[in-house]
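Structure file my_file-v7.txt; described as compact mmCIF, C-alpha atoms.
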```txt
# COMPACT_ATOMS: atom_id res chain seq x y z
CA MET A 176 63.40 -97.53 97.40
CA ALA A 177 63.14 -96.97 93.66
CA ILE A 178 59.87 -96.09 91.94
CA ASN A 179 59.20 -97.93 88.72
CA PHE A 180 57.32 -95.43 86.53
CA PRO A 181 55.55 -96.72 83.38
CA THR A 182 57.55 -96.54 80.18
CA SER A 183 56.27 -94.53 77.18
CA PRO A 184 53.62 -92.53 79.16
CA VAL A 185 51.08 -90.22 77.42
CA ASN A 186 50.35 -86.64 78.41
CA GLY A 187 48.14 -86.47 81.50
CA GLN A 188 48.67 -90.11 82.46
CA THR A 189 48.76 -90.67 86.23
CA PHE A 190 50.78 -93.11 88.31
CA THR A 191 50.13 -93.85 92.00
CA ASP A 192 52.61 -95.41 94.40
CA GLY A 193 51.47 -95.62 98.04
CA ASP A 194 49.95 -92.28 99.09
CA HIS A 195 51.49 -90.31 96.21
CA THR A 196 50.25 -89.71 92.69
CA TRP A 197 52.32 -88.37 89.79
CA ILE A 198 51.13 -87.02 86.44
CA TRP A 199 53.12 -87.12 83.17
CA ASN A 200 53.72 -83.78 81.44
CA SER A 201 54.77 -84.36 77.82
CA THR A 202 55.89 -80.73 77.45
CA THR A 203 58.60 -81.13 80.12
CA ASN A 204 58.99 -84.89 79.63
CA ALA A 205 58.77 -85.40 83.36
CA TRP A 206 56.59 -86.97 86.05
CA LYS A 207 55.26 -84.28 88.44
CA LEU A 208 54.05 -85.07 91.95
CA GLU A 209 50.46 -83.90 92.38
CA ALA A 210 49.54 -81.86 95.44
CA GLN A 211 48.16 -84.08 98.16
CA THR A 212 45.07 -83.09 100.08
CA VAL A 213 44.88 -84.31 103.63
CA VAL A 214 41.37 -84.57 105.02
CA GLY A 215 41.01 -84.70 108.78
CA PRO A 216 38.23 -86.37 110.70
CA THR A 217 34.73 -84.90 110.60
CA GLY A 218 33.95 -82.70 113.58
CA PRO A 219 30.88 -83.01 115.80
CA THR A 220 27.50 -81.77 114.58
CA GLY A 221 26.52 -78.38 115.96
CA ALA A 222 23.43 -77.64 118.01
CA THR A 223 20.11 -77.20 116.23
CA GLY A 224 18.95 -73.59 116.02
CA ALA A 225 15.71 -72.25 117.43
CA VAL A 226 12.48 -72.83 115.51
CA GLY A 227 11.01 -69.68 113.98
CA ALA A 228 7.48 -68.46 114.54
CA THR A 229 4.64 -69.98 112.53
CA GLY A 230 3.17 -67.63 109.94
CA PRO A 231 -0.50 -66.68 109.75
CA THR A 232 -3.00 -68.96 108.08
CA GLY A 233 -6.25 -68.01 106.43
CA ALA A 234 -9.52 -69.77 105.91
CA ALA A 235 -9.65 -71.93 102.80
CA SER A 236 -11.87 -70.55 100.07
CA THR A 237 -14.72 -72.69 98.82
CA VAL A 238 -15.47 -70.40 95.89
CA THR A 239 -14.27 -71.66 92.54
CA GLY A 240 -14.30 -69.37 89.55
CA PRO A 241 -14.66 -70.35 85.92
CA THR A 242 -11.66 -71.60 84.00
CA GLY A 243 -10.36 -69.00 81.57
CA ALA A 244 -9.27 -69.50 78.01
CA ALA A 245 -5.74 -70.72 77.38
CA GLY A 246 -3.24 -67.87 77.27
CA GLN A 247 -1.03 -67.10 74.31
CA TRP A 248 2.46 -66.36 75.73
CA ASN A 249 3.98 -66.36 72.27
CA THR A 250 1.92 -63.29 71.29
CA ALA A 251 3.14 -59.88 72.41
CA GLN A 252 0.90 -57.98 74.80
CA VAL A 253 -0.22 -54.54 73.57
CA ILE A 254 1.52 -51.78 75.53
CA ASP A 255 -0.49 -48.58 75.89
CA ALA A 256 1.60 -45.68 77.26
CA LYS A 257 -0.17 -43.03 79.34
CA THR A 258 1.43 -39.74 80.42
CA ALA A 259 -1.45 -38.52 82.61
CA SER A 260 -4.21 -40.00 84.78
CA HIS A 261 -6.33 -42.51 82.85
CA THR A 262 -9.86 -43.86 83.04
CA ALA A 263 -9.96 -47.51 81.98
CA VAL A 264 -12.13 -48.53 79.05
CA SER A 265 -13.17 -51.99 77.87
CA GLY A 266 -10.58 -51.75 75.07
CA ASP A 267 -7.82 -51.81 77.73
CA ALA A 268 -8.64 -55.46 78.51
CA GLY A 269 -5.59 -57.66 78.00
CA GLU A 270 -3.26 -54.69 77.59
CA LEU A 271 -0.33 -53.41 79.63
CA ILE A 272 -1.02 -49.79 80.55
CA THR A 273 2.17 -47.93 81.43
CA MET A 274 1.75 -44.88 83.66
CA ASP A 275 4.69 -42.56 82.85
CA VAL A 276 3.65 -39.60 85.00
CA ALA A 277 5.99 -37.40 87.05
CA THR A 278 3.40 -36.59 89.75
CA ALA A 279 0.78 -38.58 91.66
CA ASN A 280 -1.86 -39.90 89.24
CA ASN A 281 -5.02 -42.02 89.07
CA PHE A 282 -6.04 -45.08 87.11
CA THR A 283 -9.83 -44.89 87.42
CA VAL A 284 -12.18 -47.84 87.00
CA ASN A 285 -15.90 -47.11 86.64
CA THR A 286 -19.05 -48.76 85.28
CA SER A 287 -18.09 -47.68 81.74
CA THR A 288 -14.94 -49.83 81.97
CA ALA A 289 -17.34 -52.79 81.63
CA LEU A 290 -14.92 -55.71 81.71
CA THR A 291 -16.38 -59.20 81.85
CA ALA A 292 -15.41 -61.85 84.40
CA GLY A 293 -11.92 -63.14 83.74
CA GLN A 294 -10.71 -60.14 81.76
CA ARG A 295 -7.73 -58.22 83.13
CA ILE A 296 -5.69 -55.09 82.67
CA ASP A 297 -2.00 -54.95 83.62
CA ILE A 298 -0.74 -51.63 85.04
CA LEU A 299 2.95 -50.63 85.24
CA GLN A 300 4.10 -47.43 86.97
CA ILE A 301 7.18 -46.29 85.04
CA GLY A 302 7.10 -42.65 86.12
CA ASN A 303 8.06 -41.18 89.50
CA GLY A 304 4.44 -40.24 90.31
CA GLN A 305 2.63 -42.85 92.40
CA THR A 306 -0.29 -44.47 90.59
CA THR A 307 -3.50 -44.99 92.59
CA VAL A 308 -6.25 -47.25 91.25
CA VAL A 309 -9.54 -45.49 91.96
CA ALA A 310 -12.94 -47.24 92.14
CA SER A 311 -15.83 -45.09 90.90
CA SER A 312 -19.22 -46.83 91.28
CA VAL A 313 -17.45 -50.22 91.17
CA THR A 314 -15.83 -52.39 93.83
CA ILE A 315 -12.09 -53.06 93.80
CA ASN A 316 -10.62 -55.30 96.51
CA ALA A 317 -6.87 -55.28 97.14
CA THR A 318 -4.33 -55.92 99.86
CA PRO A 319 -2.75 -53.88 101.31
CA SER A 320 -3.94 -50.85 99.26
CA LEU A 321 -4.96 -49.59 95.83
CA LYS A 322 -1.63 -47.79 95.26
CA LEU A 323 1.31 -49.12 93.28
CA ARG A 324 4.32 -49.22 95.62
CA ALA A 325 7.02 -47.43 93.61
CA LYS A 326 8.47 -46.69 90.18
CA TYR A 327 8.51 -49.98 88.18
CA SER A 328 5.82 -51.56 90.37
CA ALA A 329 3.19 -53.52 88.48
CA ALA A 330 -0.32 -54.73 89.29
CA THR A 331 -3.10 -56.58 87.53
CA LEU A 332 -6.75 -55.54 87.69
CA ILE A 333 -8.91 -58.66 87.35
CA CYS A 334 -12.67 -58.56 86.77
CA ILE A 335 -14.38 -61.23 88.88
CA SER A 336 -17.97 -60.25 88.06
CA THR A 337 -19.88 -57.23 86.76
CA ASN A 338 -18.38 -54.11 88.40
CA ASN A 339 -16.36 -56.24 90.85
CA TYR A 340 -12.58 -56.31 90.56
CA VAL A 341 -9.49 -57.52 92.42
CA LEU A 342 -6.16 -55.71 92.20
CA VAL A 343 -3.06 -57.88 92.78
CA GLY A 344 0.60 -57.00 92.50
CA ASP A 345 3.34 -54.82 93.99
CA LEU A 346 1.08 -52.60 96.08
CA ALA A 347 2.00 -50.01 98.73
CA THR A 348 1.25 -50.43 102.40
CA PRO A 349 -1.16 -47.75 103.59
```
Structure encoded using structure tokens:
Amino acid sequence: MAINFPTSPVNGQTFTDGDHTWIWNSTTNAWKLEAQTVVGPTGPTGATGAVGATGPTGAASTVTGPTGAAGQWNTAQVIDAKTASHTAVSGDAGELITMDVATANNFTVNTSTALTAGQRIDILQIGNGQTTVVASSVTINATPSLKLRAKYSAATLICISTNNYVLVGDLATP
């Protein structure tokens, strides 16, 4: 049985006859049979796997804090490099404090830090020495600890009320 290909084909033109498709290649001036893909029937659906354990749930909080001012993500954050333990001051608010210390060191927060509710300080451990956030005459709540986990770990100290803070971030397990 003869196949009647189109006359004057253009490059890339296809022609199908039955279950076969050809494509015209103007470089070789020839019709080339395309590879055929044979798809078999769909197999049966496998068994459903076991259901995993349900994670813990906590009580919903009914405390709502004040809404903060809109952030400015197009403005660069001030980076303040420290090479030894540091005691936070109110001027650190809104800054990124980098702790580039080779040995264990402290980031101390005391009543002189005097942040107001909603202010924060970002802390980044860039040295090998583990940074511990120390509360001195203030309260700092954190889970699971007040220590940054490892080099390049970061945490944010957030003031929630006078002398009351929360530390959130990449913190070490005790």
Practice task
Neighbourhood query: residues within 10 Å of (5.2, -41.7, 84.9), file coordinates, counting all atoms listed in the file; return as a PyMOL selection string.
Solution key: chain A and resi 256-260+273-280+299-306+326-327
Saved selection, atoms kept: C-alpha atoms, as an mmCIF file, keeping the file's coordinate frame:
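Generated output (part14.cif):
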```cif
data_model
loop_
_atom_site.group_PDB
_atom_site.id
_atom_site.type_symbol
_atom_site.label_atom_id
_atom_site.label_comp_id
_atom_site.auth_asym_id
_atom_site.auth_seq_id
_atom_site.Cartn_x
_atom_site.Cartn_y
_atom_site.Cartn_z
ATOM 1 C CA ALA A 256 1.600 -45.680 77.260
ATOM 2 C CA LYS A 257 -0.170 -43.030 79.340
ATOM 3 C CA THR A 258 1.430 -39.740 80.420
ATOM 4 C CA ALA A 259 -1.450 -38.520 82.610
ATOM 5 C CA SER A 260 -4.210 -40.000 84.780
ATOM 6 C CA THR A 273 2.170 -47.930 81.430
ATOM 7 C CA MET A 274 1.750 -44.880 83.660
ATOM 8 C CA ASP A 275 4.690 -42.560 82.850
ATOM 9 C CA VAL A 276 3.650 -39.600 85.000
ATOM 10 C CA ALA A 277 5.990 -37.400 87.050
ATOM 11 C CA THR A 278 3.400 -36.590 89.750
ATOM 12 C CA ALA A 279 0.780 -38.580 91.660
ATOM 13 C CA ASN A 280 -1.860 -39.900 89.240
ATOM 14 C CA LEU A 299 2.950 -50.630 85.240
ATOM 15 C CA GLN A 300 4.100 -47.430 86.970
ATOM 16 C CA ILE A 301 7.180 -46.290 85.040
ATOM 17 C CA GLY A 302 7.100 -42.650 86.120
ATOM 18 C CA ASN A 303 8.060 -41.180 89.500
ATOM 19 C CA GLY A 304 4.440 -40.240 90.310
ATOM 20 C CA GLN A 305 2.630 -42.850 92.400
ATOM 21 C CA THR A 306 -0.290 -44.470 90.590
ATOM 22 C CA LYS A 326 8.470 -46.690 90.180
ATOM 23 C CA TYR A 327 8.510 -49.980 88.180
#
```
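Residue nearest Val284 (chain A), chosen from A:Asn200, A:Val264, A:Thr220, A:Asp297 and counting all atoms listed in the file: A:Val264.
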Practice task
Name all residues at most 12 Å from Asn186 (chain A) (count all atoms listed in the file; drop same-chain ones fewer than 5 positions away) and give them as a VMD selection string.
Solution key: chain A and resid 197 to 207
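In this model, the gap between CA of Thr262 (chain A) and CA of Ser311 (chain A) comes to 9.9 Å.
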Exercise for the section: Would you mind reading off the distance between CA of Phe190 (chain A) and CA of Thr217 (chain A), one decimal, in Å? Expected result: 28.7 Å
Can you sort out the box for region 227-231 of chain A, edges along x, y and z, all listed atoms in, 6 Å on every side, with centre and edge lengths in Å to one decimal, as JSON?
```
{"center_x": 5.3, "center_y": -68.3, "center_z": 112.1, "size_x": 23.5, "size_y": 15.3, "size_z": 16.8}
```
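For the residues A:Ala317, A:Leu342, A:Leu323, A:Ile335, ranking by smallest atom-to-atom distance to Ala289 (chain A) using all atoms listed in the file places A:Ile335 first.
With distances restricted to all atoms listed in the file, A:Thr348 is the closest residue to Pro319 (chain A) from A:Thr229, A:Thr348, A:Ser287, A:Thr307.
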Problem - Pick from A:Asn338, A:Ser183, A:Val253, A:Gly215, whichever lies nearest to Asn285 (chain A) using all atoms listed in the file - result: A:Asn338
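In this model, the gap between CA of Val308 (chain A) and CA of Pro231 (chain A) comes to 27.4 Å.
Proximity ranking of A:Ala325, A:Ala292, A:Ala225, A:Ile315 relative to Val341 (chain A) places A:Ile315 first, based on all atoms listed in the file.
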Practice task
For a cut-off of 7 Å around (-1.4, -53.2, 99.3), file coordinates, pick out all residues using only C-alpha atoms and list them as a PyMOL selection string.
Solution key: chain A and resi 317-322+346-349
